[in-house]
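S.K.: Input model_39.csv, format and content: CSV, C-alpha atoms and all ligand atoms.
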chain,number,residue,atom,x,y,z
A,286,MET,CA,290.8,-7.0,-3.0
A,287,THR,CA,291.7,-3.5,-1.9
A,288,ASP,CA,289.1,-1.2,-0.5
A,289,ARG,CA,289.2,0.7,-3.9
A,290,ASP,CA,288.3,-2.5,-5.8
A,291,ILE,CA,285.5,-3.2,-3.3
A,292,ALA,CA,283.6,0.1,-3.7
A,293,GLY,CA,281.9,-0.9,-6.9
A,294,GLN,CA,281.1,-4.5,-5.9
A,295,GLY,CA,277.8,-6.1,-5.0
A,296,PHE,CA,276.4,-6.4,-1.5
A,297,SER,CA,277.6,-9.9,-0.7
A,298,THR,CA,281.1,-9.3,-2.1
A,299,ARG,CA,281.4,-6.3,0.1
A,300,ALA,CA,280.0,-8.2,3.1
A,301,ILE,CA,282.7,-10.8,2.7
A,302,HIS,CA,285.6,-8.7,1.7
A,303,ALA,CA,285.3,-5.1,2.8
A,304,GLY,CA,287.4,-4.0,5.7
A,305,TYR,CA,290.1,-6.7,5.7
A,306,GLU,CA,292.6,-8.1,3.2
A,307,PRO,CA,294.4,-11.4,3.8
A,308,ASP,CA,297.3,-10.8,6.2
A,309,PRO,CA,300.4,-10.0,4.2
A,310,GLN,CA,302.6,-12.1,6.4
A,311,THR,CA,300.5,-15.3,7.1
A,312,GLY,CA,297.8,-15.1,4.4
A,313,ALA,CA,295.1,-15.5,7.1
A,314,VAL,CA,291.8,-14.8,5.3
A,315,ASN,CA,290.1,-13.7,8.5
A,316,VAL,CA,291.0,-10.8,10.7
A,317,PRO,CA,292.7,-12.1,13.9
A,318,ILE,CA,291.1,-11.5,17.3
A,319,TYR,CA,293.5,-8.9,18.5
A,320,ALA,CA,293.4,-9.6,22.2
A,321,SER,CA,295.7,-6.8,23.1
A,322,SER,CA,294.8,-3.8,25.2
A,323,THR,CA,297.9,-1.8,24.3
A,324,PHE,CA,300.2,-1.5,21.3
A,325,ALA,CA,304.0,-1.0,21.4
A,326,GLN,CA,305.3,2.3,20.1
A,327,ASP,CA,308.6,2.9,18.1
A,328,GLY,CA,309.7,5.9,20.3
A,329,VAL,CA,307.2,8.2,22.0
A,330,GLY,CA,304.3,8.9,19.7
A,331,GLY,CA,305.6,6.4,17.2
A,332,MET,CA,302.4,4.3,16.7
A,333,ARG,CA,302.4,1.5,14.2
A,334,ASP,CA,299.3,1.6,12.0
A,335,GLY,CA,297.7,4.1,14.2
A,336,PHE,CA,297.0,1.9,17.3
A,337,GLU,CA,297.9,2.9,20.8
A,338,TYR,CA,295.3,1.7,23.3
A,339,ALA,CA,292.4,-0.6,22.5
A,340,ARG,CA,289.6,1.6,23.8
A,341,THR,CA,290.7,4.2,21.2
A,342,GLY,CA,291.2,1.6,18.5
A,343,ASN,CA,291.7,-2.1,17.9
A,344,PRO,CA,292.5,-3.8,14.5
A,345,THR,CA,289.7,-6.3,14.8
A,346,ARG,CA,287.2,-3.5,15.6
A,347,ARG,CA,288.6,-1.4,12.7
A,348,ALA,CA,287.8,-4.3,10.3
A,349,LEU,CA,284.2,-4.4,11.4
A,350,GLU,CA,283.8,-0.6,11.3
A,351,ALA,CA,285.2,-0.4,7.7
A,352,ASN,CA,283.0,-3.4,6.7
A,353,MET,CA,279.8,-1.8,8.0
A,354,ALA,CA,280.6,1.6,6.4
A,355,ALA,CA,281.0,-0.2,3.1
A,356,LEU,CA,277.7,-2.1,3.6
A,357,GLU,CA,275.7,1.1,4.5
A,358,GLY,CA,277.4,3.2,1.8
A,359,GLY,CA,278.9,5.6,4.3
A,360,ARG,CA,282.4,6.7,4.9
A,361,TYR,CA,282.7,6.1,8.7
A,362,GLY,CA,281.6,3.3,11.0
A,363,ARG,CA,282.0,3.1,14.8
A,364,ALA,CA,281.3,0.0,16.8
A,365,PHE,CA,279.9,-0.1,20.3
A,366,ALA,CA,279.3,-2.6,23.1
A,367,SER,CA,275.6,-2.8,22.4
A,368,GLY,CA,272.9,-1.2,20.3
A,369,MET,CA,271.9,0.9,23.4
A,370,ALA,CA,275.5,2.1,23.8
A,371,ALA,CA,275.4,3.2,20.1
A,372,THR,CA,272.0,4.9,20.8
A,373,ASP,CA,273.4,6.7,23.9
A,374,ALA,CA,276.5,7.9,22.0
A,375,THR,CA,274.3,9.2,19.1
A,376,LEU,CA,272.1,11.2,21.5
A,377,ARG,CA,275.1,12.7,23.4
A,378,ALA,CA,276.9,13.5,20.2
A,379,MET,CA,274.0,15.3,18.6
A,380,LEU,CA,272.1,16.9,21.5
A,381,ARG,CA,272.7,19.4,24.3
A,382,PRO,CA,270.5,20.5,27.3
A,383,GLY,CA,267.5,22.4,25.9
A,384,ASP,CA,267.5,20.5,22.6
A,385,HIS,CA,264.4,18.6,21.4
A,386,LEU,CA,264.0,15.5,19.3
A,387,VAL,CA,261.2,13.8,17.5
A,388,ILE,CA,260.7,10.1,18.2
A,389,PRO,CA,258.3,7.6,16.6
A,390,ASN,CA,255.1,6.4,18.3
A,391,ASP,CA,256.4,2.9,17.9
A,392,ALA,CA,260.0,2.1,18.7
A,393,TYR,CA,262.3,-0.3,20.6
A,394,GLY,CA,261.3,0.0,24.3
A,395,GLY,CA,264.9,0.5,25.4
A,396,THR,CA,265.3,3.5,23.1
A,397,PHE,CA,262.2,5.1,24.5
A,398,ARG,CA,263.3,4.4,28.1
A,399,LEU,CA,266.8,6.0,27.5
A,400,ILE,CA,265.3,9.1,25.9
A,401,ASP,CA,262.5,9.5,28.5
A,402,LYS,CA,264.1,8.4,31.7
A,403,VAL,CA,267.8,9.3,31.3
A,404,PHE,CA,268.0,12.2,28.8
A,405,GLY,CA,264.9,13.7,30.2
A,406,GLN,CA,266.9,14.4,33.4
A,407,TRP,CA,269.5,16.3,31.4
A,408,GLY,CA,267.1,18.8,29.9
A,409,ILE,CA,266.3,17.1,26.6
A,410,THR,CA,262.7,17.1,25.5
A,411,TYR,CA,260.9,15.0,22.9
A,412,SER,CA,257.7,14.8,21.0
A,413,VAL,CA,256.1,11.6,19.7
A,414,ALA,CA,255.0,11.5,16.0
A,415,ALA,CA,253.6,8.6,14.0
A,416,VAL,CA,256.4,7.4,11.8
A,417,ASN,CA,254.1,6.6,8.9
A,418,ASP,CA,252.7,10.2,8.9
A,419,VAL,CA,255.2,12.7,7.4
A,420,ASP,CA,252.9,15.6,8.2
A,421,ALA,CA,252.9,14.6,11.9
A,422,VAL,CA,256.7,14.5,11.9
A,423,ARG,CA,256.8,18.0,10.3
A,424,ALA,CA,254.3,19.4,12.8
A,425,ALA,CA,256.4,18.0,15.7
A,426,ILE,CA,259.6,19.8,14.7
A,427,THR,CA,260.3,23.0,16.7
A,428,PRO,CA,263.1,25.5,16.5
A,429,GLN,CA,264.9,23.5,19.2
A,430,THR,CA,264.6,20.2,17.3
A,431,LYS,CA,268.1,18.8,16.5
A,432,LEU,CA,267.2,15.2,15.7
A,433,VAL,CA,264.5,13.2,14.2
A,434,TRP,CA,264.6,9.5,15.2
A,435,VAL,CA,263.1,6.8,13.0
A,436,GLU,CA,262.8,3.1,13.1
A,437,THR,CA,261.5,1.4,9.9
A,438,PRO,CA,260.1,-1.2,10.0
A,439,THR,CA,259.2,-0.3,13.6
A,440,ASN,CA,259.6,-2.6,16.6
A,441,PRO,CA,257.1,-4.2,17.3
A,442,LEU,CA,254.2,-3.0,15.1
A,443,LEU,CA,256.1,-3.1,11.8
A,444,ASN,CA,255.0,0.4,10.6
A,445,ILE,CA,256.9,1.9,7.8
A,446,GLY,CA,258.3,5.4,7.6
A,447,ASP,CA,259.1,7.0,4.2
A,448,ILE,CA,262.8,7.7,4.9
A,449,GLU,CA,263.3,10.0,1.9
A,450,ALA,CA,260.3,12.2,2.8
A,451,ILE,CA,261.2,12.3,6.5
A,452,ALA,CA,264.8,13.2,5.7
A,453,ALA,CA,263.6,16.1,3.7
A,454,VAL,CA,261.3,17.3,6.5
A,455,ALA,CA,264.0,16.9,9.1
A,456,HIS,CA,266.5,18.8,7.0
A,457,ASP,CA,264.0,21.6,6.3
A,458,GLY,CA,263.5,22.0,10.0
A,459,GLY,CA,267.3,22.2,10.6
A,460,ALA,CA,267.4,18.7,12.2
A,461,LYS,CA,269.4,15.6,11.4
A,462,LEU,CA,267.8,12.2,10.7
A,463,VAL,CA,268.9,9.0,12.6
A,464,VAL,CA,267.5,5.7,11.2
A,465,ASP,CA,267.6,2.6,13.4
A,466,ASN,CA,268.0,0.0,10.7
A,467,THR,CA,268.1,-3.0,13.0
A,468,PHE,CA,264.8,-4.6,11.7
A,469,ALA,CA,265.7,-4.3,8.0
A,470,SER,CA,269.4,-4.9,8.2
A,471,SER,CA,271.9,-3.4,5.8
A,472,TYR,CA,271.0,-6.0,3.1
A,473,LEU,CA,267.3,-4.9,2.8
A,474,GLN,CA,267.7,-1.2,3.3
A,475,GLN,CA,270.4,1.5,3.1
A,476,PRO,CA,269.1,4.7,4.8
A,477,LEU,CA,272.1,6.9,4.0
A,478,SER,CA,271.3,6.7,0.3
A,479,LEU,CA,267.7,7.9,1.1
A,480,GLY,CA,269.0,11.0,3.0
A,481,ALA,CA,269.5,9.8,6.6
A,482,ASP,CA,272.5,11.3,8.4
A,483,ILE,CA,273.3,8.5,10.8
A,484,VAL,CA,272.4,4.8,10.6
A,485,LEU,CA,272.2,2.7,13.7
A,486,HIS,CA,272.1,-1.0,14.2
A,487,SER,CA,271.8,-3.3,17.1
A,488,THR,CA,274.3,-5.8,15.6
A,489,THR,CA,273.0,-8.2,18.2
A,490,LYS,CA,270.2,-8.9,15.8
A,491,TYR,CA,270.4,-9.7,12.0
A,492,LEU,CA,274.0,-8.6,11.5
A,493,GLY,CA,275.5,-10.9,14.1
A,494,GLY,CA,272.6,-13.3,13.2
A,495,HIS,CA,273.3,-16.2,15.5
A,496,SER,CA,272.1,-15.0,19.0
A,497,ASP,CA,275.6,-15.3,20.4
A,498,VAL,CA,276.8,-11.7,20.7
A,499,VAL,CA,275.6,-8.2,21.8
A,500,GLY,CA,276.8,-5.1,19.9
A,501,GLY,CA,276.0,-1.9,18.1
A,502,ILE,CA,277.2,0.2,15.2
A,503,LEU,CA,276.8,3.7,13.8
A,504,VAL,CA,277.6,4.7,10.2
A,505,THR,CA,277.6,8.2,8.8
A,506,ASP,CA,278.9,10.0,5.8
A,507,SER,CA,279.7,13.2,7.7
A,508,ALA,CA,283.2,13.8,9.0
A,509,GLU,CA,281.9,16.2,11.6
A,510,THR,CA,279.3,13.8,12.9
A,511,ASP,CA,281.8,11.0,12.9
A,512,GLU,CA,284.3,13.1,14.9
A,513,ALA,CA,281.7,13.7,17.6
A,514,ILE,CA,280.8,10.0,17.7
A,515,ALA,CA,284.4,8.9,17.8
A,516,PHE,CA,285.2,11.4,20.6
A,517,LEU,CA,282.5,9.7,22.7
A,518,GLN,CA,283.4,6.2,21.6
A,519,ASN,CA,286.9,6.8,23.1
A,520,GLY,CA,285.9,9.3,25.8
A,521,ALA,CA,283.0,7.4,27.3
A,522,GLY,CA,284.4,4.0,26.3
A,523,ALA,CA,281.4,1.7,25.5
A,524,VAL,CA,283.5,-0.3,23.1
A,525,PRO,CA,283.0,-4.0,22.1
A,526,GLY,CA,285.8,-6.5,22.8
A,527,PRO,CA,287.7,-8.1,19.9
A,528,PHE,CA,286.0,-11.5,20.3
A,529,ASP,CA,282.5,-9.9,20.0
A,530,VAL,CA,283.6,-8.0,17.0
A,531,TYR,CA,284.9,-11.1,15.4
A,532,LEU,CA,281.6,-12.9,15.9
A,533,THR,CA,279.7,-10.0,14.4
A,534,LEU,CA,282.0,-9.9,11.3
A,535,ARG,CA,281.6,-13.7,10.9
A,536,GLY,CA,277.8,-13.2,11.0
A,537,ILE,CA,277.8,-10.4,8.4
A,538,LYS,CA,279.5,-12.6,5.8
A,539,THR,CA,276.3,-14.6,5.4
A,540,LEU,CA,273.8,-11.8,5.9
A,541,ALA,CA,272.5,-11.8,2.4
A,542,VAL,CA,271.7,-15.5,2.2
A,543,ARG,CA,270.2,-15.4,5.7
A,544,MET,CA,268.0,-12.4,5.0
A,545,ASP,CA,266.7,-14.0,1.8
A,546,ARG,CA,265.7,-17.2,3.8
A,547,HIS,CA,264.3,-15.1,6.7
A,548,SER,CA,262.1,-13.3,4.1
A,549,ASP,CA,261.1,-16.5,2.3
A,550,ASN,CA,260.1,-18.1,5.6
A,551,ALA,CA,258.3,-15.0,6.9
A,552,GLU,CA,256.2,-14.8,3.7
A,553,LYS,CA,255.1,-18.5,4.2
A,554,VAL,CA,254.3,-17.9,7.9
A,555,VAL,CA,252.3,-14.8,7.0
A,556,GLU,CA,250.3,-16.7,4.4
A,557,PHE,CA,249.4,-19.4,7.0
A,558,LEU,CA,248.6,-17.0,9.8
A,559,GLY,CA,246.6,-14.6,7.5
A,560,THR,CA,243.8,-17.2,7.1
A,561,HIS,CA,243.8,-18.6,10.7
A,562,ALA,CA,240.6,-18.0,12.7
A,563,LYS,CA,242.5,-17.3,15.9
A,564,ILE,CA,244.6,-14.5,14.4
A,565,GLU,CA,242.8,-11.2,14.2
A,566,LYS,CA,245.4,-9.4,12.1
A,567,VAL,CA,248.8,-10.0,10.6
A,568,LEU,CA,251.2,-7.1,10.6
A,569,TYR,CA,253.8,-7.5,7.8
A,570,PRO,CA,255.0,-4.8,5.4
A,571,GLY,CA,255.1,-7.3,2.5
A,572,LEU,CA,251.3,-7.6,2.6
A,573,PRO,CA,249.6,-5.5,-0.1
A,574,ASP,CA,247.0,-4.2,2.4
A,575,HIS,CA,249.7,-3.1,4.9
A,576,PRO,CA,249.4,0.8,5.1
A,577,GLY,CA,253.2,1.2,4.5
A,578,HIS,CA,253.5,-1.4,1.7
A,579,ALA,CA,254.2,1.0,-1.1
A,580,PHE,CA,257.0,2.8,0.9
A,581,ALA,CA,258.4,-0.5,2.0
A,582,ALA,CA,258.4,-1.7,-1.7
A,583,LYS,CA,260.2,1.5,-2.6
A,584,GLN,CA,263.0,1.5,0.0
A,585,MET,CA,263.4,-2.2,1.0
A,586,LYS,CA,264.8,-5.0,-1.1
A,587,ARG,CA,262.5,-7.5,0.6
A,588,TYR,CA,260.3,-7.4,3.7
A,589,GLY,CA,262.4,-9.3,6.2
A,590,GLY,CA,261.8,-11.9,8.9
A,591,MET,CA,259.8,-10.0,11.5
A,592,VAL,CA,256.1,-10.7,11.7
A,593,SER,CA,253.7,-9.4,14.4
A,594,VAL,CA,250.1,-10.7,14.9
A,595,LEU,CA,247.1,-9.6,17.0
A,596,VAL,CA,245.7,-12.7,18.6
A,597,ALA,CA,241.9,-13.2,19.0
A,598,GLY,CA,241.1,-13.6,22.7
A,599,GLY,CA,243.3,-10.8,24.2
A,600,ARG,CA,246.3,-10.9,26.5
A,601,ALA,CA,245.7,-14.4,27.8
A,602,ALA,CA,245.4,-15.9,24.3
A,603,ALA,CA,248.5,-14.1,23.2
A,604,GLN,CA,250.6,-15.3,26.2
A,605,ASP,CA,249.1,-18.8,25.6
A,606,LEU,CA,250.4,-18.9,22.1
A,607,CYS,CA,253.9,-17.8,23.2
A,608,ALA,CA,253.9,-20.6,25.8
A,609,ARG,CA,252.8,-23.4,23.5
A,610,THR,CA,255.2,-23.2,20.6
A,611,THR,CA,258.2,-25.6,20.6
A,612,VAL,CA,260.2,-24.7,17.5
A,613,PHE,CA,259.7,-21.0,18.1
A,614,THR,CA,261.5,-20.4,21.4
A,615,LEU,CA,259.9,-18.0,23.9
A,616,ALA,CA,262.6,-15.3,24.3
A,617,GLU,CA,263.3,-11.7,23.8
A,618,SER,CA,265.6,-10.5,21.0
A,619,LEU,CA,265.3,-11.2,17.2
A,620,GLY,CA,267.3,-11.7,14.0
A,621,GLY,CA,269.0,-14.9,14.8
A,622,ILE,CA,268.9,-18.1,12.7
A,623,GLU,CA,266.5,-19.7,15.2
A,624,SER,CA,262.8,-18.6,15.4
A,625,LEU,CA,261.7,-16.7,18.5
A,626,ILE,CA,258.3,-15.7,19.8
A,627,GLU,CA,257.5,-13.1,22.5
A,628,HIS,CA,254.7,-11.0,24.1
A,629,PRO,CA,255.9,-7.4,23.7
A,630,ALA,CA,253.5,-5.9,26.3
A,631,ALA,CA,255.0,-8.1,29.1
A,632,MET,CA,258.5,-8.5,27.7
A,633,THR,CA,260.5,-6.3,25.3
A,634,HIS,CA,258.1,-3.3,25.5
A,635,ALA,CA,257.0,-3.4,29.1
A,636,SER,CA,258.7,-0.1,29.7
A,637,THR,CA,256.3,1.6,27.3
A,638,ALA,CA,253.2,0.8,29.5
A,639,GLY,CA,251.1,3.9,30.0
A,640,SER,CA,253.0,6.0,27.4
A,641,LEU,CA,252.2,7.0,23.9
A,642,LEU,CA,254.3,4.1,22.8
A,643,GLU,CA,252.2,1.5,24.6
A,644,VAL,CA,251.6,-1.7,22.6
A,645,PRO,CA,248.4,-3.7,22.2
A,646,ASP,CA,248.3,-6.5,24.8
A,647,ASN,CA,247.1,-9.2,22.4
A,648,LEU,CA,250.2,-8.5,20.2
A,649,VAL,CA,252.7,-11.4,19.6
A,650,ARG,CA,256.0,-10.8,17.8
A,651,LEU,CA,257.7,-13.5,15.8
A,652,SER,CA,261.3,-13.4,14.6
A,653,VAL,CA,261.0,-16.0,11.9
A,654,GLY,CA,264.3,-18.0,11.6
A,655,ILE,CA,265.8,-20.0,8.8
A,656,GLU,CA,264.6,-23.4,9.9
A,657,ASP,CA,262.4,-25.4,7.5
A,658,ALA,CA,259.2,-23.4,6.8
A,659,ASP,CA,257.0,-26.4,7.1
A,660,ASP,CA,258.2,-27.0,10.6
A,661,LEU,CA,257.6,-23.4,11.6
A,662,ILE,CA,254.1,-23.5,10.2
A,663,GLY,CA,253.4,-26.9,11.9
A,664,ASP,CA,254.6,-25.5,15.2
A,665,LEU,CA,252.3,-22.5,15.0
A,666,ASP,CA,249.4,-24.7,13.8
A,667,ARG,CA,249.7,-26.9,16.9
A,668,ALA,CA,250.2,-24.0,19.3
A,669,LEU,CA,247.0,-22.3,18.0
A,670,SER,CA,244.8,-25.4,18.1
B,701,LIG,C1,267.6,-4.6,20.2
B,701,LIG,C2,267.3,-3.3,19.6
B,701,LIG,C3,268.0,-2.2,20.1
B,701,LIG,C4,269.0,-2.3,21.3
B,701,LIG,O1,270.1,-3.0,21.0
B,701,LIG,P1,271.0,-3.9,22.1
B,701,LIG,O2,272.0,-4.5,21.2
B,701,LIG,O3,270.0,-4.8,22.7
B,701,LIG,O4,271.5,-2.9,23.1
B,701,LIG,C5,267.8,-1.0,19.4
B,701,LIG,N1,266.9,-0.9,18.4
B,701,LIG,C6,266.2,-1.9,18.0
B,701,LIG,C7,265.2,-1.8,16.9
B,701,LIG,C8,266.4,-3.2,18.6
B,701,LIG,O5,265.7,-4.2,18.2
Taking this structure as input, can you express it in the form of structure tokens?
Ligand SMILES: *Cc1c(COP(=O)(O)O)cnc(C)c1O
M.R.:
Amino acid sequence: MTDRDIAGQGFSTRAIHAGYEPDPQTGAVNVPIYASSTFAQDGVGGMRDGFEYARTGNPTRRALEANMAALEGGRYGRAFASGMAATDATLRAMLRPGDHLVIPNDAYGGTFRLIDKVFGQWGITYSVAAVNDVDAVRAAITPQTKLVWVETPTNPLLNIGDIEAIAAVAHDGGAKLVVDNTFASSYLQQPLSLGADIVLHSTTKYLGGHSDVVGGILVTDSAETDEAIAFLQNGAGAVPGPFDVYLTLRGIKTLAVRMDRHSDNAEKVVEFLGTHAKIEKVLYPGLPDHPGHAFAAKQMKRYGGMVSVLVAGGRAAAQDLCARTTVFTLAESLGGIESLIEHPAAMTHASTAGSLLEVPDNLVRLSVGIEDADDLIGDLDRALS
């Protein structure tokens, strides 16, 4: 299928076919891992197919970038060596010393650390606003605000931001909207169609999906924004290698079936934990009493595989639960086929301690995998007894 044929196809068809056609010479149905740092030229400046040096561009990487652009409904994709490298490139492409950005009160700890500890030193200021409160986001925008940064669902509290409403508020204030779509994945939510200017993923998570690769991607529909991002991708050089890109593409092909199973299993785990005496509260946007449920229902296909809980008995009880599961592996990260459990206050979100983004210390975050749901529930049941 050519890219023109692909544009009108469904999500899974695009996931499997967009960005690469079988090799005309060999018929290989998968893009080769082009392990080449440089590309021969036919005379000075005579590049074949636009490739000269692999930091600037590599055919395996180009396939992933085109594939992700097709999945997010944008025109341009740019792959990076990690989600944080993509975050760093976004901030440097869009902000200059003296500029201001609005960040959510709940976000990936590494994003907050980069904005606060690194960009703070370069004269960039930020305000924190609750992502589920559009009026708070509006009130935080100043004449210097160039970016509004949103995660939805948020990491780790699973709050929901109304992307369409926040995009309108950002644009009214002369700012662009970045949505970190890592938790939802492209299958469950496509922020560009709701007004976002840039979509970011840590492809380490659901897109790669097998906990075997670190990567990041940015997708935009704006040629001007893409040009600024591409300049940094090449100029600063935080690019992924071709093997990492291949693994990511391989993962994306099964994204839809994995996300449906992640969502099925998460719903069952939520049902079990919701009635358990040792669980104070379950945070999951699929629950009708979740404060963001209506917005999640509007902008997400399903509610995904991430579940957070507040454990009765405080920090010690939360850490005890994490230490006692055996099917759920105690580890950072998320979005892989295997179930993971972690204690954000001591692990992924330790860098938010003492800040406005500090997380409750009896919070436990689950990345519900695609194992058999009964085994996951049995594991949690034993660990809580
Ligand atoms: C993991 C994560 C990141 C950072 O991505 P890396 O690939 O680990 O650099 C950014 N945002 C969210 C929501 C994440 O979960």
S.K.: Please check which protein, DNA or RNA residues sit within 10 Å of ligand LIG 701 (chain B), counting only C-alpha atoms and all ligand atoms, and write them as a ChimeraX atom specification.
M.R.: /A:365-373,392-397,435-441,464-469,485-491,498-502,617-620,633
S.K.: Please, what distance in Å, to one decimal, runs between atom CA of A:Gly480 and atom CA of A:Ala452?
M.R.: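 Atom CA of A:Ala452 lies at a distance of 5.5 Å from atom CA of A:Gly480.
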S.K.: To one decimal in Å, tell me the separation between atom CA of A:Gly577 and atom CA of A:Ile451.
M.R.: 13.8 Å
S.K.: So how far away is atom CA of A:Thr614 from atom CA of A:Leu661, in Å?
M.R.: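 Between atom CA of A:Leu661 and atom CA of A:Thr614 the gap works out to 11.0 Å.
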S.K.: Skip A:Pro317 itself and residues of its chain fewer than 4 positions away, then list as a PyMOL selection string all residues within 9 Å of it, counting all atoms listed in the file.
M.R.: chain A and resi 313+344-345+527+531
S.K.: Distance cut-off 10 Å, centre (290.1, 3.5, 24.9) in file coordinates, counting all atoms listed in the file: which residues qualify? Return them as a ChimeraX atom specification.
M.R.: /A:322-323,337-343,518-524
S.K.: If we count all atoms listed in the file and set the cut-off at 10 Å, which residues sit around A:Leu479, ignoring sequence neighbours fewer than 3 positions away in its own chain? Please answer as a list in words.
M.R.: Asp447, Ile448, Glu449, Ala450, Ile451, Ala452, Ala453, Gln474, Gln475, Pro476, Asp482 and Gln584 of chain A
S.K.: Please return, as a ChimeraX atom specification, all polymer residues that have at least one atom within 8 Å of the point (264.6, -20.6, 2.6); use all atoms listed in the file and the file's own coordinate frame.
M.R.: /A:545-550,655-658
S.K.: Which residues are near A:Ser297? Cut-off 10 Å, all atoms listed in the file, ignore same chain within fewer than 6 positions. Put them as a VMD selection string.
M.R.: chain A and resid 303 356 472 537 to 542
S.K.: Okay, now the selection with C-alpha atoms, as a PDB file, in the frame of the given file?
M.R.:
ATOM      1  CA  ALA A 303     285.300  -5.100   2.800  1.00  0.00           C
ATOM      2  CA  LEU A 356     277.700  -2.100   3.600  1.00  0.00           C
ATOM      3  CA  TYR A 472     271.000  -6.000   3.100  1.00  0.00           C
ATOM      4  CA  ILE A 537     277.800 -10.400   8.400  1.00  0.00           C
ATOM      5  CA  LYS A 538     279.500 -12.600   5.800  1.00  0.00           C
ATOM      6  CA  THR A 539     276.300 -14.600   5.400  1.00  0.00           C
ATOM      7  CA  LEU A 540     273.800 -11.800   5.900  1.00  0.00           C
ATOM      8  CA  ALA A 541     272.500 -11.800   2.400  1.00  0.00           C
ATOM      9  CA  VAL A 542     271.700 -15.500   2.200  1.00  0.00           C
TER      10      VAL A 542
END
S.K.: Return as JSON lines the residues of stretch 538-586 of chain A lying at most 12 Å from stretch 646-654 of chain A, together with the closest atom-to-atom pair for each and the distance in Å to one decimal, counting all atoms listed in the file, with rows in chain order and ascending residue number.
M.R.:
{"residue": "A:Arg543", "atom": "CA", "partner": "A:Gly654", "partner_atom": "CA", "distance": 8.7}
{"residue": "A:Met544", "atom": "CA", "partner": "A:Gly654", "partner_atom": "CA", "distance": 9.4}
{"residue": "A:Asp545", "atom": "CA", "partner": "A:Gly654", "partner_atom": "CA", "distance": 10.9}
{"residue": "A:Arg546", "atom": "CA", "partner": "A:Gly654", "partner_atom": "CA", "distance": 8.0}
{"residue": "A:His547", "atom": "CA", "partner": "A:Gly654", "partner_atom": "CA", "distance": 5.7}
{"residue": "A:Ser548", "atom": "CA", "partner": "A:Val653", "partner_atom": "CA", "distance": 8.3}
{"residue": "A:Asp549", "atom": "CA", "partner": "A:Val653", "partner_atom": "CA", "distance": 9.6}
{"residue": "A:Asn550", "atom": "CA", "partner": "A:Val653", "partner_atom": "CA", "distance": 6.7}
{"residue": "A:Ala551", "atom": "CA", "partner": "A:Val653", "partner_atom": "CA", "distance": 5.8}
{"residue": "A:Glu552", "atom": "CA", "partner": "A:Val653", "partner_atom": "CA", "distance": 9.6}
{"residue": "A:Lys553", "atom": "CA", "partner": "A:Val653", "partner_atom": "CA", "distance": 10.0}
{"residue": "A:Val554", "atom": "CA", "partner": "A:Val653", "partner_atom": "CA", "distance": 8.0}
{"residue": "A:Val555", "atom": "CA", "partner": "A:Val653", "partner_atom": "CA", "distance": 10.1}
{"residue": "A:Leu558", "atom": "CA", "partner": "A:Leu651", "partner_atom": "CA", "distance": 11.4}
{"residue": "A:Lys563", "atom": "CA", "partner": "A:Asn647", "partner_atom": "CA", "distance": 11.4}
{"residue": "A:Ile564", "atom": "CA", "partner": "A:Asn647", "partner_atom": "CA", "distance": 9.9}
{"residue": "A:Glu565", "atom": "CA", "partner": "A:Asn647", "partner_atom": "CA", "distance": 9.5}
{"residue": "A:Lys566", "atom": "CA", "partner": "A:Leu648", "partner_atom": "CA", "distance": 9.5}
{"residue": "A:Val567", "atom": "CA", "partner": "A:Leu648", "partner_atom": "CA", "distance": 9.8}
{"residue": "A:Leu568", "atom": "CA", "partner": "A:Arg650", "partner_atom": "CA", "distance": 9.4}
{"residue": "A:Tyr569", "atom": "CA", "partner": "A:Leu651", "partner_atom": "CA", "distance": 10.7}
S.K.: Could you check the closest approach to A:Met379 for each of A:Ala513, A:Leu665, A:Glu357, A:Ser470 and tell me which residue wins, using all atoms listed in the file?
M.R.: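 Closest candidate: A:Ala513.
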S.K.: Per residue of stretch 534-643 of chain A within 12 Å of stretch 416-427 of chain A, what are the shortest atom pair and its distance in Å to one decimal, counting all atoms listed in the file, with rows by chain and residue number, as CSV?
M.R.:
residue,atom,partner,partner_atom,distance
A:Pro570,CA,A:Asn417,CA,12.0
A:His575,CA,A:Asn417,CA,11.4
A:Pro576,CA,A:Asn417,CA,8.4
A:Gly577,CA,A:Asn417,CA,7.0
A:His578,CA,A:Asn417,CA,10.8
A:Ala579,CA,A:Asn417,CA,11.5
A:Phe580,CA,A:Asn417,CA,9.3
A:Ala581,CA,A:Asn417,CA,10.8
A:Leu642,CA,A:Val416,CA,11.7
S.K.: Can you pull out every residue within 8 Å of A:Ala460, counting only C-alpha atoms, but drop anything in the same chain fewer than 6 positions away, and send it as a PyMOL selection string?
M.R.: chain A and resi 430-433
S.K.: So, counting only C-alpha atoms, which residue among A:Met632, A:Lys461, A:Gly335, A:Gly312 is closest to A:His385?
M.R.: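 With only C-alpha atoms as the atom set, the closest residue is A:Lys461.
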S.K.: Could you check the closest approach to A:His561 for each of A:Leu595, A:Val314, A:Ala378, A:Val463 and tell me which residue wins, using only C-alpha atoms?
M.R.: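 Once distances to A:His561 are computed over only C-alpha atoms, the minimum belongs to A:Leu595.
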